[in-house]
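So the structure is just underneath, and the comments pick up after that.
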Number of protein chains: 4
Amino acid sequence: MKNAVILGASGYTGAEAVRLIMSHPKLELVGLTGHSKAGQAYGEIYPNYRHLDLPGVVTADEIDWTGVDVAFACLPHGASQETIAGVIDNVETIIDLSADFRLKDPALYEATYGRPHGFHDLLGTAVYGLTEYAREELKDAKLVACPGCYPTCSLLALLPAVDADMIDVTDIVIDAKSGVTGAGRKALASLSFSEVSDGAHAYAVGTHRHAPEIDQMLTYVSGIETEVSFTPHLIPMNRGMIATCYVKLADGVSIDDLRDAYVTRYAGEAFVHVEAPGVVPQTRHIRASNHCRIGIFADRRKGRAIIISVIDNLTKGSSGQALQNYNVIQGWDEMLGLTAQPVFP
Amino acid sequence: MKNAVILGASGYTGAEAVRLIMSHPKLELVGLTGHSKAGQAYGEIYPNYRHLDLPGVVTADEIDWTGVDVAFACLPHGASQETIAGVIDNVETIIDLSADFRLKDPALYEATYGRPHGFHDLLGTAVYGLTEYAREELKDAKLVACPGCYPTCSLLALLPAVDADMIDVTDIVIDAKSGVTGAGRKALASLSFSEVSDGAHAYAVGTHRHAPEIDQMLTYVSGIETEVSFTPHLIPMNRGMIATCYVKLADGVSIDDLRDAYVTRYAGEAFVHVEAPGVVPQTRHIRASNHCRIGIFADRRKGRAIIISVIDNLTKGSSGQALQNYNVIQGWDEMLGLTAQPVFP
Amino acid sequence: MKNAVILGASGYTGAEAVRLIMSHPKLELVGLTGHSKAGQAYGEIYPNYRHLDLPGVVTADEIDWTGVDVAFACLPHGASQETIAGVIDNVETIIDLSADFRLKDPALYEATYGRPHGFHDLLGTAVYGLTEYAREELKDAKLVACPGCYPTCSLLALLPAVDADMIDVTDIVIDAKSGVTGAGRKALASLSFSEVSDGAHAYAVGTHRHAPEIDQMLTYVSGIETEVSFTPHLIPMNRGMIATCYVKLADGVSIDDLRDAYVTRYAGEAFVHVEAPGVVPQTRHIRASNHCRIGIFADRRKGRAIIISVIDNLTKGSSGQALQNYNVIQGWDEMLGLTAQPVFP
Amino acid sequence: MKNAVILGASGYTGAEAVRLIMSHPKLELVGLTGHSKAGQAYGEIYPNYRHLDLPGVVTADEIDWTGVDVAFACLPHGASQETIAGVIDNVETIIDLSADFRLKDPALYEATYGRPHGFHDLLGTAVYGLTEYAREELKDAKLVACPGCYPTCSLLALLPAVDADMIDVTDIVIDAKSGVTGAGRKALASLSFSEVSDGAHAYAVGTHRHAPEIDQMLTYVSGIETEVSFTPHLIPMNRGMIATCYVKLADGVSIDDLRDAYVTRYAGEAFVHVEAPGVVPQTRHIRASNHCRIGIFADRRKGRAIIISVIDNLTKGSSGQALQNYNVIQGWDEMLGLTAQPVFP
């Protein structure tokens, strides 16, 4: 058994981490922190947990770190690095769900997030935790930077092709769609039911902060400086994310070749599944689970393909992958705490 | 370990039974039956399970009952009694989720469901499985009739008061609201997204088949011939059910007395929770779980109370309670297979 | 042509008033006021109107009242009475959509809204504008208090029976369901899509402020001091409201008698429609229109009935009825500006 | 006044045509046809119209064409050409909302729709009614083929750039999202609320029938054989459609140049609006209206742009554009019958 603390438990990724940890046979939840919510019972903040005997919400300063093995940091970027720097010596492992340790280049971090990165040394040690592509580095990781939801969804869809030089990395369009929980638990009229339901729209067109994160990994794997077209859309659903990726196949690569590469690459994976030819993945079929489903299709434009992946933004896109990463670090079965089936309907 | 078969696995209650059984540590799913879907892989019917190695769907006749311990019957009423009568000798236990064995009086069954009941003997042996009120009878049960979703939600809200003679059983109004999964997986334009979303309506006003089932139990517990007002409404949500019950308090009974009775009655229950004063239960906070939450309020009309309960119609209202009943029969912890936390948001 | 100003145009009832006035052949919109939004173009606040050439939003003080005939006040209660008192001498007519002039008794207002009423004289002159029951008084009205959405829906369902002494006014249960726009345009996490969608719940159980307003009218019409049971529920839909009313029939009154009374009472009405026997009204079928539909059903409890009415809370429940009232005052066809058909699907 | 008949009034485009025609000052609805629904009152099929005195539904054969000026054909493809060929001599004008007369090349029609086109002569006379690009041809049109919803949304977004040679027509990706009404009023489990809500998915990836229609127009305008990448997605909303178009700018063309071209092209249009820089159009802001909103953005990949347009699939994407076309044919104000403001929220 390992003892876990959730830093920043009042947001949706914190609540999702609680949900998953409560089903994890080797993790015990021993602390929950919050800033404005400190002093409250967690069941007041998330009434779905009122029947549980959970630790009360305290400030990060109030946590007694004795015996704590791991912290899951579900804090806003900026706050996350500050807090992590302050507590990292108290624990074996920190799994950060914020953006603070994802971008390797501090200058890119500053350009993207509008503030300098204050902890370059820590940044250098962080492992980018796209689990299926990070197992080796994870083994010795102390600090894990969990990928953003859009990068997780997009990279799982693109990396097998990029890794096998099967597509042109300079000609990638990612059109993404996210459920509303991706925006967090915020008191904004623009996120209210009346303004979000029964409609859809793009946002942060050409400027979303997850795009440089996608670029970074594609560049790293391909060895070619890469920049993707990326447009996220807000969809009136709670959970779920789609990345519809439009790619140009390398000369001589067929759709069957492409699908074979994916089938081979993901053959042993517990959570990543390649659909049979013609089958389109749907977000609702992986709802509330850590699964990712990927469909591969010939484009009607010759020599091109469309790769579609779906995840639950709060699970594989956030807290589920965080837990999966910790399972890898511990050498446990990767599915521990993540075996519950998708909830459909 | 016990081996389970799901009869009629192609509907939503069957799919929910699969979901829960897959998380049950002492149950193995060894068979799935379907009529029109026989011959298909279950993952084709429910793509959320495509990653699992499940038995293929066969007809009930094709099941090899050797080694099968329990059958969960998720069939339509009418078909259910026929099938159960044919297979009951092959298994230790049958948990029926249909309406076929809920009403004790065959004449009432015929009046309500429009067909004669064909198996009066079996009907006599069936235990009405509202778990919290049936543990004694369940111990020796071979055939369990799981209550309907509306009766489950309504009776959990009403029985402590009725049992303690705290309300007038001849003056009960139950206004109920259900998510759309309660209507089953049907190809009907009237259930299509475009006809159901962004609106609400009552249905079966004054005539719903679950009302006699509620009457039966209230009459049994109170000893007074009871008939409730009952109106169900269809709400644009997947899962979830509310029973808003308007009751007249017996002379001298205060709201505090009433709440105390509920707190006492449900004190040891794993799944039934009485809200603190002033707290209103919400369906989304018990989503995809076996929990029931009950709020108790003073009506503005003196001497009256409003009791509100919420459940997930597919879980506590159907397959979750079925599993809970089987746990009781086996003498297992009632929470086996039902420990996953509610999914919110 | 008459010139109209909307006071408090930044909320949903203001936006709905704009929508309807823009389709009114005899009304010109000459002013829009807002407090925090003053200085903005209205199309920035409501992008659905960006293509229109509308007056900019100004504070109430900045309105030039010369030539203004009517003000529609869409302000919060409290603010509304203050503003109206200040401008009523500048216009022929004020149609107030707030709660400030609905309750005739200042003490009841204070008990209900938690503040004293500051304008007893004005209150005495206000006409309660449930149009179908107020045409005579409206003819000479200068100040109209439009009913709340719940009272509109409930009273249209109950008044024909009460007026004809066909039901027991001391035994009425109103279970109501509202779309989320009824909560207004607020920046609250509790109204966010993620917290409201895919679920339902009651609120203000036993304490909602619209109940005394319903009582007042029932008492006035029946001559009997009346108090109703009333529970509102929040439903994950934008627009729409249901009042499901449980009533006890007077001795000798049959369901057919009851329905006949409604058919007769509403025979000439443009907006209130009594459904054929067995037909259940649905909110989506009156969406974005000023229509009300009423279904009348025998309860399964003998001697009782269930009366169900549906309206769009923003139209007949608010701005549509406001316009209808002004049409009556002007002696115009009541349907002016309200002829657009319900939007379904 | 002109007299109109709707052929195939039982589907959603028929119902939308009814809604709009009822608000048209110069059109009278004199006939409604249906196949399986013949003999029913229209208000039984669409309860939102029960309060209207509409013609009963009859078969197309039963229509008396005397005095009928125009037919709006809302039939399925295949059935549409048959019916239209049979009645076209009876009326001045037929506005076809099906796919039957959209593709100029009968071989392409056959390849796309899986059946030979039976009326090549008629096909030769049909005007492709993308109103903003068809006014000249419409003036003398007897038969109008209204564009599909996806082509309408996509072409309004692309044509100004194509027409001005500002983008590379051989490198276009259109990622589209549609509300569920686009699928029609069908009794399919796959369209049921429980299977569609709270999730999203692509469909017909690489194979959707609207893609050749988009190609045809782009090829015609550009003079270059064009094939687009096109992926539609089903979104859990009733109405609304987004086309997110990824394009490569021609050498020397800046984003400002591009936007200027759009502003100029659509300057006099009543229904097509170019958003200010940085503003993203949302479907909910044009709900139930004939408006189209277009946003133009720099892609993060240099030399590329993202053009986003939104329409209501049932209005501008279908019946609204049909009416707009008829207004043009008659020389009426194009907004007749289409002046109602978007319904938001």
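Every chain in the structure tokens takes a letter, A first, then B, and so on in the order presented; its residues are numbered from 1, and the ligands are numbered from 1 following the presented order.
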Write out as a VMD selection string the residues lying within 12 Å of Pro212 of chain D, counting only C-alpha atoms and excluding same-chain residues fewer than 2 positions away.
(chain A and resid 300 to 301) or (chain D and resid 99 102 to 105 107 to 113 147 to 148 150 to 151 206 to 210 214 to 219 225 to 230)
Could you write out the selected residues, including C-alpha atoms, as a PDB file, in the first residue's frame?
```
ATOM      1  CA  ARG A 300     -11.100  10.520 -50.338  1.00  0.00           C
ATOM      2  CA  ARG A 301      -8.097  12.572 -51.436  1.00  0.00           C
TER       3      ARG A 301
ATOM      4  CA  ALA D  99     -30.138  15.496 -53.368  1.00  0.00           C
ATOM      5  CA  ARG D 102     -27.764  18.762 -57.106  1.00  0.00           C
ATOM      6  CA  LEU D 103     -25.118  16.840 -59.014  1.00  0.00           C
ATOM      7  CA  LYS D 104     -24.976  17.924 -62.653  1.00  0.00           C
ATOM      8  CA  ASP D 105     -23.392  14.717 -63.897  1.00  0.00           C
ATOM      9  CA  ALA D 107     -22.875   9.323 -63.664  1.00  0.00           C
ATOM     10  CA  LEU D 108     -21.640  11.053 -60.537  1.00  0.00           C
ATOM     11  CA  TYR D 109     -25.177  10.942 -59.148  1.00  0.00           C
ATOM     12  CA  GLU D 110     -25.315   7.213 -59.779  1.00  0.00           C
ATOM     13  CA  ALA D 111     -21.896   6.617 -58.255  1.00  0.00           C
ATOM     14  CA  THR D 112     -22.813   8.683 -55.216  1.00  0.00           C
ATOM     15  CA  TYR D 113     -26.390   7.639 -54.578  1.00  0.00           C
ATOM     16  CA  PRO D 147     -27.760  22.452 -51.677  1.00  0.00           C
ATOM     17  CA  GLY D 148     -27.185  19.953 -48.916  1.00  0.00           C
ATOM     18  CA  TYR D 150     -22.887  20.493 -45.382  1.00  0.00           C
ATOM     19  CA  PRO D 151     -22.282  21.995 -48.858  1.00  0.00           C
ATOM     20  CA  GLY D 206     -14.068   9.606 -46.344  1.00  0.00           C
ATOM     21  CA  THR D 207     -17.335   8.563 -47.959  1.00  0.00           C
ATOM     22  CA  HIS D 208     -20.055  11.114 -47.216  1.00  0.00           C
ATOM     23  CA  ARG D 209     -22.345  11.918 -50.135  1.00  0.00           C
ATOM     24  CA  HIS D 210     -22.119  15.651 -49.700  1.00  0.00           C
ATOM     25  CA  ILE D 214     -18.790  20.426 -52.540  1.00  0.00           C
ATOM     26  CA  ASP D 215     -16.186  19.355 -55.094  1.00  0.00           C
ATOM     27  CA  GLN D 216     -18.539  20.141 -57.962  1.00  0.00           C
ATOM     28  CA  MET D 217     -19.026  23.744 -56.930  1.00  0.00           C
ATOM     29  CA  LEU D 218     -15.404  24.370 -56.020  1.00  0.00           C
ATOM     30  CA  THR D 219     -14.338  22.909 -59.344  1.00  0.00           C
ATOM     31  CA  GLU D 225     -10.521  19.759 -60.641  1.00  0.00           C
ATOM     32  CA  THR D 226     -10.976  19.716 -56.897  1.00  0.00           C
ATOM     33  CA  GLU D 227     -11.407  17.073 -54.226  1.00  0.00           C
ATOM     34  CA  VAL D 228     -11.760  18.006 -50.590  1.00  0.00           C
ATOM     35  CA  SER D 229     -11.057  16.093 -47.413  1.00  0.00           C
ATOM     36  CA  PHE D 230     -14.359  16.041 -45.594  1.00  0.00           C
TER      37      PHE D 230
END
```
Show me, as a list in words, every residue of chain D with an atom at most 9 Å from chain B, counting only C-alpha atoms.
Gly179, Val180, Thr181, Gly184, Arg185, Lys186, Ala187, Leu188, Ala189, Ser190, Leu191, Ser192, Phe193, Ser194, Glu195, Val196, Ser197, Asp198, Pro236, Met237, Asn238 and Arg239 of chain D
Using only N, CA and C atoms, please write the residues we just selected to a file, as a tab-separated table (two decimals), in the first residue's frame.
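Ended up saving to selection.tsv:
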```tsv
chain	number	residue	atom	x	y	z
D	179	GLY	N	-25.75	18.92	-35.88
D	179	GLY	CA	-26.77	18.50	-34.92
D	179	GLY	C	-27.52	17.29	-35.44
D	180	VAL	N	-28.28	16.66	-34.54
D	180	VAL	CA	-28.87	15.36	-34.84
D	180	VAL	C	-30.05	15.46	-35.80
D	181	THR	N	-30.72	16.60	-35.87
D	181	THR	CA	-31.84	16.71	-36.80
D	181	THR	C	-31.40	16.49	-38.24
D	184	GLY	N	-32.48	13.36	-39.88
D	184	GLY	CA	-33.89	13.14	-40.18
D	184	GLY	C	-34.65	12.50	-39.04
D	185	ARG	N	-35.97	12.35	-39.29
D	185	ARG	CA	-36.85	11.77	-38.25
D	185	ARG	C	-36.95	10.27	-38.48
D	186	LYS	N	-36.02	9.56	-37.88
D	186	LYS	CA	-35.96	8.12	-38.14
D	186	LYS	C	-36.09	7.32	-36.85
D	187	ALA	N	-36.68	6.16	-36.99
D	187	ALA	CA	-36.81	5.24	-35.85
D	187	ALA	C	-35.61	4.31	-35.83
D	188	LEU	N	-34.51	4.83	-35.30
D	188	LEU	CA	-33.28	4.05	-35.24
D	188	LEU	C	-32.75	4.10	-33.81
D	189	ALA	N	-32.37	2.93	-33.28
D	189	ALA	CA	-31.77	2.92	-31.94
D	189	ALA	C	-30.50	3.78	-31.94
D	190	SER	N	-29.80	3.81	-33.06
D	190	SER	CA	-28.55	4.57	-33.10
D	190	SER	C	-28.77	6.07	-33.03
D	191	LEU	N	-29.99	6.52	-33.23
D	191	LEU	CA	-30.30	7.95	-33.10
D	191	LEU	C	-31.03	8.24	-31.79
D	192	SER	N	-31.22	7.24	-30.96
D	192	SER	CA	-31.97	7.46	-29.73
D	192	SER	C	-31.19	8.35	-28.78
D	193	PHE	N	-31.90	9.02	-27.92
D	193	PHE	CA	-31.26	9.93	-26.97
D	193	PHE	C	-30.14	9.24	-26.21
D	194	SER	N	-30.40	8.01	-25.77
D	194	SER	CA	-29.41	7.33	-24.93
D	194	SER	C	-28.14	6.98	-25.70
D	195	GLU	N	-28.23	6.91	-27.01
D	195	GLU	CA	-27.06	6.54	-27.81
D	195	GLU	C	-26.37	7.78	-28.40
D	196	VAL	N	-27.03	8.90	-28.35
D	196	VAL	CA	-26.48	10.10	-29.01
D	196	VAL	C	-26.05	11.16	-28.00
D	197	SER	N	-26.76	11.27	-26.90
D	197	SER	CA	-26.43	12.33	-25.95
D	197	SER	C	-25.10	12.06	-25.27
D	198	ASP	N	-24.54	13.12	-24.71
D	198	ASP	CA	-23.31	13.01	-23.91
D	198	ASP	C	-22.20	12.23	-24.63
D	236	PRO	N	-24.21	16.14	-30.05
D	236	PRO	CA	-25.47	16.05	-29.31
D	236	PRO	C	-26.17	17.40	-29.14
D	237	MET	N	-26.65	17.91	-30.25
D	237	MET	CA	-27.47	19.14	-30.24
D	237	MET	C	-28.53	18.92	-31.30
D	238	ASN	N	-29.64	19.63	-31.18
D	238	ASN	CA	-30.72	19.46	-32.14
D	238	ASN	C	-30.37	20.04	-33.50
D	239	ARG	N	-30.07	21.32	-33.49
D	239	ARG	CA	-29.85	22.08	-34.70
D	239	ARG	C	-28.47	22.69	-34.65
```
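Taking atom CA of Gly268 of chain D as the reference point, atom CA of Met241 of chain D is found at 23.2 Å.
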Enumerate, as an MDAnalysis selection string, the complete set of residues in segment 7-208 of chain C that a backbone-based DSSP assignment places in helix (DSSP H, G or I).
chainID C and resid 12:21 42:45 47:49 60:62 79:90 106:113 120:125 131:133 135:139 149:163 180:183 189:191 193:196
Which of A:Arg293, A:Arg284, A:His201, A:His273 sits closest to Thr244 of chain A [using only C-alpha atoms]
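Residue with the minimum atom-to-atom distance to Thr244 of chain A: A:Arg293.
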